[in-house]
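Participant: Compact mmCIF, C-alpha atoms, saved as model-v6.txt, coming up:
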# COMPACT_ATOMS: atom_id res chain seq x y z
CA MET A 1 -11.85 0.59 9.86
CA THR A 2 -15.11 -1.02 10.65
CA THR A 3 -17.02 -0.81 13.89
CA THR A 4 -15.94 -4.37 14.76
CA ARG A 5 -14.06 -4.50 18.04
CA LEU A 6 -10.35 -4.92 17.56
CA THR A 7 -8.63 -7.84 19.24
CA ARG A 8 -5.36 -7.48 21.12
CA TYR A 9 -3.61 -8.98 18.08
CA ASP A 10 -5.27 -6.44 15.77
CA ARG A 11 -4.19 -3.56 17.98
CA SER A 12 -0.60 -4.76 18.30
CA MET A 13 -0.33 -5.34 14.54
CA LEU A 14 -1.88 -1.93 13.87
CA ARG A 15 0.67 -0.30 16.17
CA LEU A 16 3.52 -2.24 14.59
CA MET A 17 2.51 -1.43 11.02
CA ASN A 18 2.03 2.25 11.84
CA ASP A 19 5.27 2.58 13.77
CA ARG A 20 7.01 5.50 12.11
CA ARG A 21 10.50 4.94 13.47
CA GLY A 22 11.63 3.59 10.12
CA ALA A 23 9.75 6.22 8.09
CA ALA A 24 12.97 7.61 6.61
CA TRP A 25 13.48 4.30 4.78
CA TYR A 26 10.31 4.76 2.74
CA ALA A 27 9.75 8.52 2.80
CA THR A 28 10.12 9.02 -0.95
CA ALA A 29 8.93 7.11 -4.00
CA ALA A 30 12.57 6.47 -5.00
CA ARG A 31 13.37 4.82 -1.65
CA ARG A 32 10.20 2.71 -1.75
CA ARG A 33 11.02 1.51 -5.24
CA LEU A 34 14.57 0.79 -4.22
CA ALA A 35 13.22 -1.36 -1.38
CA VAL A 36 10.96 -3.22 -3.83
CA ALA A 37 13.87 -3.68 -6.26
CA ALA A 38 16.06 -4.98 -3.42
CA HIS A 39 13.28 -7.34 -2.33
CA VAL A 40 12.85 -8.67 -5.88
CA THR A 41 16.61 -9.17 -6.23
CA LEU A 42 16.94 -10.92 -2.88
CA THR A 43 13.93 -13.13 -3.57
CA LEU A 44 15.41 -14.12 -6.94
CA ALA A 45 18.80 -14.78 -5.34
CA ILE A 46 17.30 -16.94 -2.59
CA GLY A 47 15.11 -18.72 -5.15
CA GLY A 48 18.13 -19.28 -7.38
CA LEU A 49 20.06 -20.81 -4.51
CA MET A 50 17.12 -23.05 -3.65
CA THR A 51 16.99 -24.21 -7.26
CA HIS A 52 20.73 -24.81 -7.22
CA MET A 53 20.36 -26.90 -4.07
CA PHE A 54 17.61 -28.90 -5.71
CA LEU A 55 19.45 -29.54 -8.95
CA ALA A 56 23.05 -29.77 -7.73
CA GLU A 57 24.50 -33.06 -6.77
CA GLY A 58 26.18 -33.43 -3.40
CA GLU A 59 25.46 -31.27 -0.36
CA PRO A 60 25.83 -27.61 -1.21
CA LEU A 61 26.22 -26.35 2.37
CA TRP A 62 27.58 -23.04 1.17
CA ALA A 63 24.25 -22.37 -0.55
CA VAL A 64 22.41 -22.84 2.76
CA ALA A 65 24.83 -20.46 4.47
CA VAL A 66 24.43 -17.79 1.78
CA MET A 67 20.64 -18.20 1.91
CA ALA A 68 20.67 -17.70 5.67
CA VAL A 69 22.72 -14.52 5.23
CA LEU A 70 20.41 -13.21 2.49
CA LEU A 71 17.31 -13.88 4.56
CA LEU A 72 18.17 -11.07 6.98
CA PRO A 73 18.17 -8.22 4.41
CA TRP A 74 15.15 -9.90 2.79
CA MET A 75 13.27 -9.58 6.08
CA VAL A 76 14.40 -5.96 6.45
CA ALA A 77 13.18 -5.17 2.92
CA THR A 78 9.87 -6.89 3.71
CA GLY A 79 9.54 -4.73 6.82
CA VAL A 80 10.30 -1.56 4.85
CA ILE A 81 7.60 -2.36 2.28
CA ASN A 82 5.11 -3.26 4.99
CA GLY A 83 5.92 0.00 6.75
CA ALA A 84 5.49 1.97 3.53
CA THR A 85 2.07 0.43 2.94
CA ARG A 86 1.09 0.60 6.62
CA GLY A 87 0.52 -3.12 6.66
CA LEU A 88 -1.92 -3.08 3.75
CA LEU A 89 -1.46 -6.82 3.21
CA GLU A 90 -0.59 -7.83 6.75
CA LEU A 91 -3.51 -6.41 8.69
CA CYS A 92 -6.89 -8.11 8.91
CA GLU A 93 -9.54 -6.74 6.58
CA HIS A 94 -11.68 -5.38 9.43
CA VAL A 95 -8.76 -3.27 10.66
CA LEU A 96 -8.46 -1.42 7.35
CA ASP A 97 -10.55 1.60 6.45
CA GLU A 98 -12.44 1.98 3.17
CA ARG A 99 -9.49 3.49 1.26
CA GLN A 100 -7.11 0.81 2.45
CA SER A 101 -9.59 -1.98 1.64
CA ALA A 102 -10.06 -0.59 -1.86
CA GLU A 103 -6.29 -0.28 -2.30
CA ARG A 104 -5.78 -3.86 -1.10
CA ARG A 105 -8.33 -5.10 -3.66
CA ARG A 106 -6.56 -3.12 -6.42
CA VAL A 107 -3.15 -4.47 -5.37
CA LEU A 108 -4.36 -8.07 -5.27
CA ALA A 109 -6.08 -7.72 -8.64
CA ARG A 110 -2.96 -6.28 -10.27
CA ALA A 111 -0.71 -8.88 -8.65
CA HIS A 112 -3.06 -11.58 -9.90
CA ARG A 113 -2.82 -10.28 -13.46
CA VAL A 114 1.00 -10.11 -13.33
CA THR A 115 1.24 -13.59 -11.81
CA THR A 116 -1.05 -14.98 -14.49
CA LEU A 117 1.28 -13.64 -17.18
CA LEU A 118 4.32 -15.07 -15.39
CA LEU A 119 2.61 -18.44 -15.05
CA ALA A 120 1.80 -18.44 -18.75
CA ALA A 121 5.42 -17.57 -19.55
CA ALA A 122 6.69 -20.30 -17.21
CA ALA A 123 4.36 -22.89 -18.71
CA ALA A 124 5.37 -21.89 -22.25
CA THR A 125 9.06 -22.05 -21.33
CA LEU A 126 8.64 -25.51 -19.83
CA LEU A 127 6.72 -26.78 -22.85
CA ILE A 128 9.24 -25.35 -25.34
CA THR A 129 12.19 -26.70 -23.32
CA GLY A 130 10.43 -30.04 -23.15
CA GLY A 131 10.08 -30.06 -26.92
CA LEU A 132 13.79 -29.46 -27.34
CA ALA A 133 15.09 -31.71 -24.56
CA GLY A 134 12.84 -34.50 -23.39
CA ASP A 135 13.96 -34.60 -19.76
CA ALA A 136 13.82 -30.88 -19.17
CA PRO A 137 10.22 -30.63 -17.91
CA LYS A 138 10.83 -33.39 -15.40
CA ALA A 139 14.05 -31.83 -14.14
CA TYR A 140 12.84 -28.24 -13.98
CA ALA A 141 9.19 -28.74 -13.01
CA ALA A 142 9.76 -28.78 -9.24
CA PRO A 143 12.07 -25.72 -9.01
CA LEU A 144 9.87 -23.83 -11.45
CA LEU A 145 6.81 -24.67 -9.39
CA ILE A 146 8.54 -23.40 -6.24
CA ALA A 147 9.67 -20.24 -8.04
CA VAL A 148 6.15 -19.57 -9.27
CA LEU A 149 4.73 -20.21 -5.81
CA VAL A 150 7.18 -17.77 -4.21
CA VAL A 151 6.51 -15.10 -6.83
CA HIS A 152 2.76 -15.63 -6.42
CA TRP A 153 3.19 -15.18 -2.66
CA VAL A 154 5.29 -12.00 -2.76
CA MET A 155 3.90 -10.31 -5.86
CA PRO A 156 1.16 -8.43 -3.92
CA LEU A 157 3.87 -7.04 -1.61
CA TRP A 158 5.91 -5.81 -4.59
CA VAL A 159 2.86 -4.23 -6.21
CA ALA A 160 1.77 -2.61 -2.93
CA GLY A 161 5.27 -1.26 -2.29
CA TRP A 162 5.48 0.09 -5.82
CA ARG A 163 2.09 1.81 -5.57
CA ALA A 164 2.54 3.27 -2.07
CA GLN A 165 2.09 7.03 -1.97
CA ASP A 166 3.95 9.74 -0.09
CA GLU A 167 2.85 10.46 3.45
CA PRO A 168 0.58 13.53 3.65
CA ALA A 169 2.39 16.57 5.12
CA GLU A 170 2.58 16.90 8.89
CA ASP A 171 -0.45 18.15 10.77
CA GLY A 172 -0.62 21.91 10.99
CA VAL A 173 1.03 22.33 7.59
CA LEU A 174 -1.51 23.18 4.94
CA GLU A 175 -0.27 21.73 1.70
CA PRO A 176 -0.47 23.82 -1.47
CA GLY A 177 -3.83 23.31 -3.13
CA THR A 178 -5.65 22.01 -0.07
CA LEU A 179 -7.27 25.34 0.75
CA GLY A 180 -10.78 24.72 -0.45
CA ARG A 181 -9.86 22.54 -3.37
CA MET B 1 -14.72 6.72 -12.74
CA SER B 2 -12.46 9.16 -10.97
CA GLU B 3 -14.62 12.28 -10.74
CA GLN B 4 -12.83 14.87 -8.67
CA VAL B 5 -14.69 15.75 -5.50
CA HIS B 6 -13.49 19.08 -4.15
CA ASN B 7 -13.30 19.65 -0.43
CA ARG B 8 -12.32 22.22 2.12
CA LEU B 9 -11.52 19.72 4.82
CA ALA B 10 -7.99 21.04 5.44
CA VAL B 11 -9.28 24.56 6.07
CA VAL B 12 -12.08 23.50 8.39
CA ARG B 13 -9.86 21.07 10.26
CA ALA B 14 -7.19 23.74 10.75
CA GLU B 15 -9.79 26.29 11.82
CA ARG B 16 -11.25 23.89 14.40
CA LYS B 17 -7.74 22.84 15.50
CA VAL B 18 -8.49 19.18 14.98
CA SER B 19 -5.60 16.86 14.18
CA ARG B 20 -5.82 14.33 11.40
CA GLN B 21 -5.38 11.60 13.95
CA SER B 22 -8.32 12.71 16.11
CA LEU B 23 -10.58 13.21 13.11
CA ALA B 24 -9.55 9.81 11.76
CA GLU B 25 -10.29 8.11 15.06
CA ALA B 26 -13.66 9.84 15.32
CA VAL B 27 -14.81 8.74 11.88
CA GLY B 28 -13.16 5.28 11.89
CA ALA B 29 -10.56 5.95 9.21
CA HIS B 30 -6.78 5.92 8.97
CA TYR B 31 -5.09 9.30 9.45
CA GLN B 32 -3.45 8.93 6.03
CA THR B 33 -6.91 8.64 4.48
CA ILE B 34 -7.81 12.06 5.90
CA GLY B 35 -4.57 13.42 4.40
CA TYR B 36 -5.29 11.90 1.01
CA ILE B 37 -8.83 13.33 1.04
CA GLU B 38 -7.38 16.77 1.80
CA ARG B 39 -4.87 16.39 -1.04
CA GLY B 40 -7.66 15.32 -3.42
CA GLN B 41 -6.01 11.92 -3.92
CA TYR B 42 -8.94 10.00 -2.51
CA ASN B 43 -12.66 10.62 -2.78
CA PRO B 44 -14.43 9.45 0.37
CA SER B 45 -17.53 7.28 0.24
CA LEU B 46 -20.83 8.94 1.05
CA ASP B 47 -20.74 7.18 4.40
CA LEU B 48 -17.33 8.62 5.32
CA ALA B 49 -18.19 12.08 3.95
CA LEU B 50 -21.34 12.15 6.10
CA LYS B 51 -19.40 11.01 9.17
CA ILE B 52 -16.84 13.78 8.65
CA ALA B 53 -19.58 16.37 8.15
CA LYS B 54 -21.36 15.14 11.29
CA PHE B 55 -18.11 15.37 13.26
CA PHE B 56 -17.79 19.06 12.37
CA GLY B 57 -21.55 19.68 12.73
CA LEU B 58 -21.74 20.93 9.15
CA PRO B 59 -23.86 19.95 6.16
CA VAL B 60 -21.91 17.67 3.84
CA GLU B 61 -22.06 20.24 1.05
CA ALA B 62 -20.12 22.68 3.24
CA LEU B 63 -17.17 20.30 3.08
CA PHE B 64 -17.52 18.45 -0.22
CA SER B 65 -18.57 19.65 -3.64
CA LEU B 66 -18.39 18.65 -7.26
CA GLU B 67 -17.48 22.26 -8.08
CA PRO B 68 -14.33 23.98 -6.79
CA PHE B 69 -14.92 25.96 -3.61
CA ARG B 70 -14.56 29.74 -3.52
CA PRO B 71 -12.26 30.99 -0.77
CA LEU B 72 -14.11 31.22 2.56
CA THR B 73 -13.31 34.93 2.93
CA TYR B 74 -15.17 35.68 -0.30
CA GLU B 75 -18.18 33.78 0.96
CA VAL B 76 -18.10 35.45 4.39
CA TYR B 77 -17.53 39.00 3.14
CA GLY B 78 -19.43 38.65 -0.09
CA ARG B 79 -16.64 39.65 -2.45
CA LYS B 80 -16.78 38.32 -5.94
CA GLN B 81 -14.02 36.16 -7.26
CA PRO B 82 -11.78 38.19 -9.60
Just dump the structure as structure tokens.
Facilitator:
Amino acid sequence: MTTTRLTRYDRSMLRLMNDRRGAAWYATAARRRLAVAAHVTLTLAIGGLMTHMFLAEGEPLWAVAVMAVLLLPWMVATGVINGATRGLLELCEHVLDERQSAERRRVLARAHRVTTLLLAAAAATLLITGGLAGDAPKAYAAPLLIAVLVVHWVMPLWVAGWRAQDEPAEDGVLEPGTLGR
Amino acid sequence: MSEQVHNRLAVVRAERKVSRQSLAEAVGAHYQTIGYIERGQYNPSLDLALKIAKFFGLPVEALFSLEPFRPLTYEVYGRKQP
């Protein structure tokens, strides 16, 4: 945290992101990774439905309904990951301390590398499909672009959730190895 | 570059009865950061190390070192490490 004065928004976000009522959801590495896995799955499912809506003929109202239902657990999973990372990606830079800022830079750098690889794979797939079936790039370009955009948007959250560490032990409990390490 | 910096922050903080939260607020850090420093999972910047040392009124080398610390009792009572 810098010496910059925090705005009311900063303070409310800081409180929200450090609210420990849901701590049990992300207390262990296994639970955090489960939340990330659930978020990935739900994002893919919602993205798949969006693609279906785009490509399918007629009015697939059922797809909209299923998407609306899936959005709720998606938002819960997003909240769990944000709670686990203490709002690493949600809080303004000047609210974070030096460790959090460094972690955010690492997360964004790693997410950027992963997204670059995915983009390369998507481009290669589109080009190969285009070589085999002439209309394929035209038909799949828009949904693929949306999919890539969504993945680019949420990848930092997945990386941050995956990398989040266990909470230090409660105050007053000296952890093994902390006595004059 | 992940040179381990040893510290006796947990001991000093417990001895002074200072919570992680109050120390964190005093030095402008997150309470988890104090916990990670104590666990040796994060090496503080010189700026943060100096702020922590100033908070306790101790020289920085009393809290942080590149060499492992001897137990405080050995230093106080002059016993050699076995």
Participant: Quote the spacing between atom CA of Thr7 of chain A and atom CA of Arg86 of chain A in Å to one decimal place.
Facilitator: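 The value is 18.0 Å.
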Participant: Take the point (-17.8, 11.3, -0.2) as written in the file and pick out every residue within 12 Å of it, counting only C-alpha atoms; give the list as a ChimeraX atom specification.
Facilitator: /A:98-99 /B:3-7,9,34,37-38,40,42-53,60-61,63-66
Participant: Which value, in Å to one decimal, gives the distance between atom CA of Glu90 of chain A and atom CA of Ala68 of chain A?
Facilitator: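 Distance reported for this atom pair: 23.5 Å.
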Participant: Pick out the chain B residues within 6 Å of chain A. Count only C-alpha atoms. Give them as a PyMOL selection string.
Facilitator: chain B and resi 6-8+11+28-29+35+38-39+68-69
Participant: Using atom CA of Ala124 of chain A and atom CA of Tyr140 of chain A as the two end points, give the distance in Å to one decimal.
Facilitator: 12.8 Å
Participant: From the set B:Ala62, B:Gly78, B:Phe56, B:Leu72, which residue has the shortest atom-to-atom contact distance to Lys17 of chain B, counting all atoms listed in the file?
Facilitator: B:Phe56
Participant: If we count all atoms listed in the file and set the cut-off at 12 Å, which residues sit around Leu72 of chain A, ignoring sequence neighbours fewer than 5 positions away in its own chain? Please answer as a VMD selection string.
Facilitator: chain A and resid 39 42 to 43 46 65 to 67 77 to 79
Participant: With a distance cut-off of 10 Å and all atoms listed in the file, select the neighbouring residues of Met53 of chain A, excluding the residue or stretch itself and same-chain residues fewer than 5 positions from it, and output the selection as a ChimeraX atom specification.
Facilitator: /A:47-48,58-64,143
Participant: Quick one: of A:Ala30, A:Val150, A:Ala56, A:Ala45, who's nearest to Leu70 of chain A, counting only C-alpha atoms?
Facilitator: A:Ala45
Participant: N, CA and C atoms are needed for segment 95-119 of chain A; please write them out as a PDB file, in the coordinates of the input.
Facilitator:
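The result, stored in rebuild34.pdb:
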ATOM      1  N   VAL A  95      -9.578  -4.321  10.050  1.00  0.00           N
ATOM      2  CA  VAL A  95      -8.760  -3.270  10.660  1.00  0.00           C
ATOM      3  C   VAL A  95      -8.558  -2.119   9.662  1.00  0.00           C
ATOM      4  N   LEU A  96      -8.708  -2.424   8.387  1.00  0.00           N
ATOM      5  CA  LEU A  96      -8.460  -1.420   7.350  1.00  0.00           C
ATOM      6  C   LEU A  96      -9.673  -0.508   7.183  1.00  0.00           C
ATOM      7  N   ASP A  97      -9.416   0.722   6.758  1.00  0.00           N
ATOM      8  CA  ASP A  97     -10.550   1.600   6.450  1.00  0.00           C
ATOM      9  C   ASP A  97     -10.904   1.435   4.966  1.00  0.00           C
ATOM     10  N   GLU A  98     -11.917   2.191   4.524  1.00  0.00           N
ATOM     11  CA  GLU A  98     -12.440   1.980   3.170  1.00  0.00           C
ATOM     12  C   GLU A  98     -11.379   2.215   2.085  1.00  0.00           C
ATOM     13  N   ARG A  99     -10.528   3.233   2.265  1.00  0.00           N
ATOM     14  CA  ARG A  99      -9.490   3.490   1.260  1.00  0.00           C
ATOM     15  C   ARG A  99      -8.487   2.348   1.210  1.00  0.00           C
ATOM     16  N   GLN A 100      -8.089   1.887   2.396  1.00  0.00           N
ATOM     17  CA  GLN A 100      -7.110   0.810   2.450  1.00  0.00           C
ATOM     18  C   GLN A 100      -7.682  -0.490   1.880  1.00  0.00           C
ATOM     19  N   SER A 101      -8.954  -0.763   2.187  1.00  0.00           N
ATOM     20  CA  SER A 101      -9.590  -1.980   1.640  1.00  0.00           C
ATOM     21  C   SER A 101      -9.632  -1.929   0.123  1.00  0.00           C
ATOM     22  N   ALA A 102      -9.999  -0.746  -0.403  1.00  0.00           N
ATOM     23  CA  ALA A 102     -10.060  -0.590  -1.860  1.00  0.00           C
ATOM     24  C   ALA A 102      -8.668  -0.754  -2.465  1.00  0.00           C
ATOM     25  N   GLU A 103      -7.666  -0.182  -1.804  1.00  0.00           N
ATOM     26  CA  GLU A 103      -6.290  -0.280  -2.300  1.00  0.00           C
ATOM     27  C   GLU A 103      -5.828  -1.732  -2.262  1.00  0.00           C
ATOM     28  N   ARG A 104      -6.184  -2.447  -1.183  1.00  0.00           N
ATOM     29  CA  ARG A 104      -5.780  -3.860  -1.100  1.00  0.00           C
ATOM     30  C   ARG A 104      -6.410  -4.659  -2.252  1.00  0.00           C
ATOM     31  N   ARG A 105      -7.677  -4.376  -2.553  1.00  0.00           N
ATOM     32  CA  ARG A 105      -8.330  -5.100  -3.660  1.00  0.00           C
ATOM     33  C   ARG A 105      -7.626  -4.782  -4.988  1.00  0.00           C
ATOM     34  N   ARG A 106      -7.260  -3.497  -5.178  1.00  0.00           N
ATOM     35  CA  ARG A 106      -6.560  -3.120  -6.420  1.00  0.00           C
ATOM     36  C   ARG A 106      -5.204  -3.821  -6.512  1.00  0.00           C
ATOM     37  N   VAL A 107      -4.474  -3.836  -5.393  1.00  0.00           N
ATOM     38  CA  VAL A 107      -3.150  -4.470  -5.370  1.00  0.00           C
ATOM     39  C   VAL A 107      -3.260  -5.953  -5.688  1.00  0.00           C
ATOM     40  N   LEU A 108      -4.217  -6.627  -5.046  1.00  0.00           N
ATOM     41  CA  LEU A 108      -4.360  -8.070  -5.270  1.00  0.00           C
ATOM     42  C   LEU A 108      -4.781  -8.370  -6.704  1.00  0.00           C
ATOM     43  N   ALA A 109      -5.650  -7.510  -7.256  1.00  0.00           N
ATOM     44  CA  ALA A 109      -6.080  -7.720  -8.640  1.00  0.00           C
ATOM     45  C   ALA A 109      -4.907  -7.552  -9.602  1.00  0.00           C
ATOM     46  N   ARG A 110      -4.104  -6.509  -9.377  1.00  0.00           N
ATOM     47  CA  ARG A 110      -2.960  -6.280 -10.270  1.00  0.00           C
ATOM     48  C   ARG A 110      -1.929  -7.397 -10.130  1.00  0.00           C
ATOM     49  N   ALA A 111      -1.672  -7.803  -8.881  1.00  0.00           N
ATOM     50  CA  ALA A 111      -0.710  -8.880  -8.650  1.00  0.00           C
ATOM     51  C   ALA A 111      -1.184 -10.165  -9.317  1.00  0.00           C
ATOM     52  N   HIS A 112      -2.492 -10.386  -9.269  1.00  0.00           N
ATOM     53  CA  HIS A 112      -3.060 -11.580  -9.900  1.00  0.00           C
ATOM     54  C   HIS A 112      -2.826 -11.565 -11.408  1.00  0.00           C
ATOM     55  N   ARG A 113      -3.019 -10.382 -12.009  1.00  0.00           N
ATOM     56  CA  ARG A 113      -2.820 -10.280 -13.460  1.00  0.00           C
ATOM     57  C   ARG A 113      -1.349 -10.540 -13.818  1.00  0.00           C
ATOM     58  N   VAL A 114      -0.441  -9.939 -13.045  1.00  0.00           N
ATOM     59  CA  VAL A 114       1.000 -10.110 -13.330  1.00  0.00           C
ATOM     60  C   VAL A 114       1.394 -11.576 -13.138  1.00  0.00           C
ATOM     61  N   THR A 115       0.901 -12.191 -12.070  1.00  0.00           N
ATOM     62  CA  THR A 115       1.240 -13.590 -11.810  1.00  0.00           C
ATOM     63  C   THR A 115       0.710 -14.506 -12.901  1.00  0.00           C
ATOM     64  N   THR A 116      -0.476 -14.177 -13.397  1.00  0.00           N
ATOM     65  CA  THR A 116      -1.050 -14.980 -14.490  1.00  0.00           C
ATOM     66  C   THR A 116      -0.124 -14.952 -15.711  1.00  0.00           C
ATOM     67  N   LEU A 117       0.379 -13.760 -16.031  1.00  0.00           N
ATOM     68  CA  LEU A 117       1.280 -13.640 -17.180  1.00  0.00           C
ATOM     69  C   LEU A 117       2.575 -14.425 -16.940  1.00  0.00           C
ATOM     70  N   LEU A 118       3.086 -14.336 -15.708  1.00  0.00           N
ATOM     71  CA  LEU A 118       4.320 -15.070 -15.390  1.00  0.00           C
ATOM     72  C   LEU A 118       4.094 -16.577 -15.460  1.00  0.00           C
ATOM     73  N   LEU A 119       2.940 -17.007 -14.985  1.00  0.00           N
ATOM     74  CA  LEU A 119       2.610 -18.440 -15.050  1.00  0.00           C
ATOM     75  C   LEU A 119       2.535 -18.917 -16.490  1.00  0.00           C
TER      76      LEU A 119
END
